[in-house]
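Quick notes on the structure that follows.
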Amino acid sequence: MDMKLIIDVRTREEFIKKHVKGALNMPLHDIHFYIPFLSSPEIEEIKLYCDTGNRAGMAKEILQENSVEAEVIGPERLTDYEMEESSIVCAINFVSAKNGFEEKFESMAGELCNKTNKMPGFLGARLLKVDGISARGSFLSGDMKNEKILPTKYIMLTYWRSKEEHKASHESELFRESFEKMIPSLASMPYEKFYEVVK
C-alpha cells in the first residue's frame, strides 16, 4: 500500500498547539533519525511544512542528501488543509538536590513522571541537570569548565493541556506520595512557574 505523508517539522510543542490534521511530527533536528522509514518504497509522497517554510526547506535538503524526495508546503498553502489544535502549558520547577543524593533524586523524579503519565492532561516531562557554566556565554572571564555547582541544580519541565489539569494532578494521592518520598533528597523545595509555549 502506497502511503502519502504530511510531516510537520516544527517542535513537538508547536505541533501540539496546532497542526495539519493527520500530519506526523518529525522535528527538523530529528529528521535524520527517520530516514530509514522515509526511504521505504511503500511511501509514495512526502510533504513537509512549518510556519515559514524555512525549516521545511532545510528538512527537504537533508532528505534529498539521503535520496529521499519531498515537497515543501508553503505557509500560504496551509489554509488548504484542515487543522487540529490543542492547548499546552509548561510547568517549570527549579529544584536542588542534596550533595550525594543526586542519583536518588533523579531516580525518584523518573518514578514520579512515570506515575504522572497516567494523569489526565499530562503531555510529557523532562529533567534537566546543570552541567557546568558557560563562561563565554555569560561574559565571564577565565576558564569555568572545572567549577562545581553545589548543591546540584535541576529544572523539571512538565507539559499539560491546561493549568487546571496540572493543579488536579498535585491534589491526587498518587502524586503526593511520590513527591513526599523525594523530599529527603532535596536541598531546596521546588519553585514552580508556568510558561506559555510560544515556539
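Identifiers in the C-alpha cells: chain A, B, ... in order shown; residue index from 1 per chain; ligand index from 1 in order shown.
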
Residue contacts of Gly53 (chain A) (8 Å, only C-alpha atoms) excluding same-chain residues fewer than 3 positions away, as a PDB file with N, CA and C atoms, in the first residue's frame:
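Dumped to part_38.pdb:
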```pdb
ATOM      1  N   TYR A  49       6.114  20.644   6.106  1.00  0.00           N
ATOM      2  CA  TYR A  49       5.707  22.031   6.357  1.00  0.00           C
ATOM      3  C   TYR A  49       6.178  22.498   7.727  1.00  0.00           C
ATOM      4  N   CYS A  50       6.207  23.829   7.879  1.00  0.00           N
ATOM      5  CA  CYS A  50       6.458  24.504   9.162  1.00  0.00           C
ATOM      6  C   CYS A  50       5.710  25.830   9.080  1.00  0.00           C
ATOM      7  N   ALA A  56      11.081  23.575   6.879  1.00  0.00           N
ATOM      8  CA  ALA A  56      10.663  22.556   5.914  1.00  0.00           C
ATOM      9  C   ALA A  56      11.664  22.471   4.770  1.00  0.00           C
ATOM     10  N   GLY A  57      12.161  23.633   4.315  1.00  0.00           N
ATOM     11  CA  GLY A  57      13.176  23.660   3.253  1.00  0.00           C
ATOM     12  C   GLY A  57      14.468  22.980   3.684  1.00  0.00           C
ATOM     13  N   VAL A  72       7.802  20.786  -0.292  1.00  0.00           N
ATOM     14  CA  VAL A  72       7.503  21.715   0.802  1.00  0.00           C
ATOM     15  C   VAL A  72       6.134  22.347   0.560  1.00  0.00           C
ATOM     16  N   ILE A  73       5.293  22.294   1.589  1.00  0.00           N
ATOM     17  CA  ILE A  73       4.015  23.016   1.547  1.00  0.00           C
ATOM     18  C   ILE A  73       4.304  24.413   2.085  1.00  0.00           C
ATOM     19  N   GLY A  74       4.216  25.415   1.237  1.00  0.00           N
ATOM     20  CA  GLY A  74       4.482  26.788   1.666  1.00  0.00           C
ATOM     21  C   GLY A  74       3.431  27.264   2.652  1.00  0.00           C
ATOM     22  N   PRO A  75       3.766  28.217   3.504  1.00  0.00           N
ATOM     23  CA  PRO A  75       2.805  28.696   4.515  1.00  0.00           C
ATOM     24  C   PRO A  75       1.515  29.235   3.915  1.00  0.00           C
TER      25      PRO A  75
END
```

* Would you list the contacts of region 141-156 of chain A as JSON, numbers by chain, taking every protein, DNA or RNA residue within 12 Å and counting only C-alpha atoms, but skipping same-chain residues closer than 5 positions in sequence? => {"A": [90, 91, 92, 93, 94, 95, 96, 97, 98, 99, 100, 101, 102, 103, 105, 106, 109, 110, 112, 113, 124, 125, 126, 127, 128, 129, 130, 131, 132, 133, 134, 135, 136, 185, 186, 187, 188, 189, 190, 191, 192, 193, 194]}

Could you save the residues just selected, with C-alpha atoms, as a short mmCIF file (atom, residue, chain, number, x, y, z; two decimals), in the first residue's frame?
```cif
data_model
loop_
_atom_site.label_atom_id
_atom_site.label_comp_id
_atom_site.auth_asym_id
_atom_site.auth_seq_id
_atom_site.Cartn_x
_atom_site.Cartn_y
_atom_site.Cartn_z
CA CYS A 90 4.64 24.11 30.65
CA ALA A 91 5.15 23.95 34.42
CA ILE A 92 8.79 24.55 35.31
CA ASN A 93 10.19 23.55 38.69
CA PHE A 94 13.58 24.83 39.85
CA VAL A 95 14.97 22.49 42.49
CA SER A 96 18.30 21.48 44.09
CA ALA A 97 19.36 18.05 45.35
CA LYS A 98 21.49 17.46 48.42
CA ASN A 99 25.14 16.63 47.74
CA GLY A 100 25.42 12.84 47.33
CA PHE A 101 21.67 12.40 46.76
CA GLU A 102 21.65 13.26 43.06
CA GLU A 103 21.16 9.71 41.76
CA PHE A 105 16.63 12.25 43.37
CA GLU A 106 16.90 11.53 39.61
CA ALA A 109 11.89 12.11 39.68
CA GLY A 110 11.73 9.44 36.97
CA LEU A 112 7.12 10.47 39.62
CA CYS A 113 7.00 11.17 35.88
CA GLY A 124 5.21 14.62 28.98
CA ALA A 125 8.18 15.72 31.07
CA ARG A 126 11.89 16.42 31.01
CA LEU A 127 14.50 16.58 33.77
CA LEU A 128 17.48 18.87 33.16
CA LYS A 129 20.62 18.88 35.32
CA VAL A 130 23.00 21.83 35.50
CA ASP A 131 26.21 20.52 33.96
CA GLY A 132 28.54 23.48 34.04
CA ILE A 133 28.93 27.20 33.50
CA SER A 134 29.38 28.78 30.08
CA ALA A 135 31.96 31.47 30.80
CA ARG A 136 31.81 32.83 27.27
CA SER A 185 16.88 14.18 48.84
CA LEU A 186 16.21 17.88 48.28
CA ALA A 187 18.37 20.84 49.30
CA SER A 188 15.57 23.21 48.31
CA MET A 189 11.88 22.75 47.68
CA PRO A 190 10.73 23.19 44.07
CA TYR A 191 9.91 26.70 42.94
CA GLU A 192 7.33 26.35 40.19
CA LYS A 193 6.35 28.73 37.38
CA PHE A 194 4.02 28.33 34.42
#
```

* To do: Between CA of Arg12 (chain A) and CA of Arg161 (chain A), measure the distance and give it in Å to one decimal.
  => 13.4 Å

* To do: Quick one: everything within 8 Å of region 2-11 of chain A, counting only C-alpha atoms, minus sequence neighbours fewer than 4 positions away in the same chain. Send it as a ChimeraX atom specification.
  => /A:15,19-20,22-28,31,42-51,55-56,59,199

* Tell me, which residues of region 119-185 of chain A carry DSSP helix (DSSP H, G or I), written as a VMD selection string? -> chain A and resid 163 to 170 173 to 185

Trp160 (chain A) environment, 12 Å, only C-alpha atoms, sequence neighbours closer than 2 positions dropped, as a PDB file with N, CA and C atoms, in the first residue's frame:
```
ATOM      1  N   GLU A  13       6.113  20.762  20.771  1.00  0.00           N
ATOM      2  CA  GLU A  13       5.218  21.706  21.447  1.00  0.00           C
ATOM      3  C   GLU A  13       4.423  22.533  20.435  1.00  0.00           C
ATOM      4  N   ILE A  16       1.702  20.281  18.939  1.00  0.00           N
ATOM      5  CA  ILE A  16       0.543  20.079  19.802  1.00  0.00           C
ATOM      6  C   ILE A  16      -0.391  21.283  19.730  1.00  0.00           C
ATOM      7  N   LYS A  17       0.184  22.489  19.707  1.00  0.00           N
ATOM      8  CA  LYS A  17      -0.651  23.698  19.688  1.00  0.00           C
ATOM      9  C   LYS A  17      -1.549  23.748  18.452  1.00  0.00           C
ATOM     10  N   SER A  86      -4.700  22.202  20.089  1.00  0.00           N
ATOM     11  CA  SER A  86      -4.888  21.871  21.495  1.00  0.00           C
ATOM     12  C   SER A  86      -4.117  22.887  22.318  1.00  0.00           C
ATOM     13  N   SER A  87      -4.541  23.081  23.551  1.00  0.00           N
ATOM     14  CA  SER A  87      -3.776  23.975  24.423  1.00  0.00           C
ATOM     15  C   SER A  87      -2.614  23.187  25.039  1.00  0.00           C
ATOM     16  N   ILE A  88      -1.579  23.904  25.423  1.00  0.00           N
ATOM     17  CA  ILE A  88      -0.427  23.289  26.101  1.00  0.00           C
ATOM     18  C   ILE A  88       0.222  24.338  26.989  1.00  0.00           C
ATOM     19  N   VAL A  89       0.499  23.963  28.235  1.00  0.00           N
ATOM     20  CA  VAL A  89       1.245  24.825  29.151  1.00  0.00           C
ATOM     21  C   VAL A  89       2.427  24.027  29.694  1.00  0.00           C
ATOM     22  N   CYS A  90       3.443  24.744  30.094  1.00  0.00           N
ATOM     23  CA  CYS A  90       4.640  24.108  30.650  1.00  0.00           C
ATOM     24  C   CYS A  90       4.817  24.588  32.089  1.00  0.00           C
ATOM     25  N   ALA A  91       4.854  23.629  33.025  1.00  0.00           N
ATOM     26  CA  ALA A  91       5.145  23.946  34.422  1.00  0.00           C
ATOM     27  C   ALA A  91       6.636  23.674  34.636  1.00  0.00           C
ATOM     28  N   ILE A  92       7.351  24.676  35.114  1.00  0.00           N
ATOM     29  CA  ILE A  92       8.795  24.552  35.308  1.00  0.00           C
ATOM     30  C   ILE A  92       9.109  24.639  36.792  1.00  0.00           C
ATOM     31  N   THR A 116       2.884  10.047  36.722  1.00  0.00           N
ATOM     32  CA  THR A 116       2.137  11.178  36.170  1.00  0.00           C
ATOM     33  C   THR A 116       1.625  10.868  34.766  1.00  0.00           C
ATOM     34  N   ASN A 117       2.288   9.959  34.062  1.00  0.00           N
ATOM     35  CA  ASN A 117       1.848   9.568  32.713  1.00  0.00           C
ATOM     36  C   ASN A 117       0.382   9.151  32.681  1.00  0.00           C
ATOM     37  N   MET A 119      -2.049  10.448  34.405  1.00  0.00           N
ATOM     38  CA  MET A 119      -2.959  11.517  34.829  1.00  0.00           C
ATOM     39  C   MET A 119      -3.544  12.265  33.640  1.00  0.00           C
ATOM     40  N   PRO A 120      -4.830  12.638  33.733  1.00  0.00           N
ATOM     41  CA  PRO A 120      -5.472  13.370  32.638  1.00  0.00           C
ATOM     42  C   PRO A 120      -4.751  14.683  32.335  1.00  0.00           C
ATOM     43  N   GLY A 121      -4.554  14.941  31.041  1.00  0.00           N
ATOM     44  CA  GLY A 121      -3.974  16.211  30.616  1.00  0.00           C
ATOM     45  C   GLY A 121      -2.465  16.247  30.585  1.00  0.00           C
ATOM     46  N   PHE A 122      -1.789  15.189  31.048  1.00  0.00           N
ATOM     47  CA  PHE A 122      -0.323  15.176  31.081  1.00  0.00           C
ATOM     48  C   PHE A 122       0.212  14.940  29.673  1.00  0.00           C
ATOM     49  N   LEU A 123       1.181  15.768  29.239  1.00  0.00           N
ATOM     50  CA  LEU A 123       1.722  15.669  27.882  1.00  0.00           C
ATOM     51  C   LEU A 123       3.220  15.378  27.848  1.00  0.00           C
ATOM     52  N   GLY A 124       3.792  14.976  28.982  1.00  0.00           N
ATOM     53  CA  GLY A 124       5.215  14.619  28.983  1.00  0.00           C
ATOM     54  C   GLY A 124       6.037  15.463  29.936  1.00  0.00           C
ATOM     55  N   ALA A 125       7.294  15.037  30.119  1.00  0.00           N
ATOM     56  CA  ALA A 125       8.177  15.718  31.074  1.00  0.00           C
ATOM     57  C   ALA A 125       9.627  15.598  30.639  1.00  0.00           C
ATOM     58  N   LEU A 157      10.650  19.976  33.862  1.00  0.00           N
ATOM     59  CA  LEU A 157       9.637  20.507  32.971  1.00  0.00           C
ATOM     60  C   LEU A 157       8.511  19.498  32.853  1.00  0.00           C
ATOM     61  N   THR A 158       7.283  19.932  33.035  1.00  0.00           N
ATOM     62  CA  THR A 158       6.137  19.065  32.758  1.00  0.00           C
ATOM     63  C   THR A 158       5.180  19.826  31.853  1.00  0.00           C
ATOM     64  N   SER A 162      -3.715  21.911  30.322  1.00  0.00           N
ATOM     65  CA  SER A 162      -4.243  23.105  30.998  1.00  0.00           C
ATOM     66  C   SER A 162      -3.671  23.219  32.405  1.00  0.00           C
ATOM     67  N   LYS A 163      -3.728  24.426  32.962  1.00  0.00           N
ATOM     68  CA  LYS A 163      -3.295  24.654  34.344  1.00  0.00           C
ATOM     69  C   LYS A 163      -4.209  23.903  35.310  1.00  0.00           C
ATOM     70  N   GLU A 164      -5.497  23.788  34.943  1.00  0.00           N
ATOM     71  CA  GLU A 164      -6.465  23.108  35.810  1.00  0.00           C
ATOM     72  C   GLU A 164      -6.121  21.623  35.956  1.00  0.00           C
ATOM     73  N   GLU A 165      -5.731  20.980  34.836  1.00  0.00           N
ATOM     74  CA  GLU A 165      -5.356  19.563  34.913  1.00  0.00           C
ATOM     75  C   GLU A 165      -4.059  19.381  35.687  1.00  0.00           C
ATOM     76  N   HIS A 166      -3.149  20.344  35.544  1.00  0.00           N
ATOM     77  CA  HIS A 166      -1.907  20.304  36.333  1.00  0.00           C
ATOM     78  C   HIS A 166      -2.226  20.402  37.820  1.00  0.00           C
ATOM     79  N   LYS A 167      -3.091  21.338  38.182  1.00  0.00           N
ATOM     80  CA  LYS A 167      -3.470  21.525  39.590  1.00  0.00           C
ATOM     81  C   LYS A 167      -4.115  20.259  40.144  1.00  0.00           C
ATOM     82  N   ALA A 168      -4.996  19.646  39.364  1.00  0.00           N
ATOM     83  CA  ALA A 168      -5.668  18.419  39.809  1.00  0.00           C
ATOM     84  C   ALA A 168      -4.662  17.302  40.066  1.00  0.00           C
ATOM     85  N   SER A 169      -3.578  17.252  39.278  1.00  0.00           N
ATOM     86  CA  SER A 169      -2.561  16.200  39.484  1.00  0.00           C
ATOM     87  C   SER A 169      -1.898  16.352  40.844  1.00  0.00           C
ATOM     88  N   PHE A 194       4.656  28.754  35.661  1.00  0.00           N
ATOM     89  CA  PHE A 194       4.015  28.334  34.417  1.00  0.00           C
ATOM     90  C   PHE A 194       4.548  29.179  33.278  1.00  0.00           C
ATOM     91  N   TYR A 195       4.752  28.531  32.143  1.00  0.00           N
ATOM     92  CA  TYR A 195       5.151  29.233  30.952  1.00  0.00           C
ATOM     93  C   TYR A 195       4.221  28.857  29.802  1.00  0.00           C
ATOM     94  N   GLU A 196       3.880  29.833  28.994  1.00  0.00           N
ATOM     95  CA  GLU A 196       3.117  29.558  27.783  1.00  0.00           C
ATOM     96  C   GLU A 196       4.108  29.100  26.715  1.00  0.00           C
ATOM     97  N   VAL A 197       3.786  28.047  26.001  1.00  0.00           N
ATOM     98  CA  VAL A 197       4.634  27.584  24.916  1.00  0.00           C
ATOM     99  C   VAL A 197       4.387  28.493  23.713  1.00  0.00           C
TER     100      VAL A 197
END
```

* Would you mind writing down, as a VMD selection string, each residue of region 71-196 of chain A that DSSP on the backbone assigns to strand (DSSP E)? => chain A and resid 71 to 72 83 to 85 89 to 97 122 to 129 152 to 160 186 to 196

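Shortest separation to Glu14 (chain A) among A:Lys181, A:Glu84, A:Glu173, A:Asn114 occurs at residue A:Glu84, atoms counted being only C-alpha atoms.
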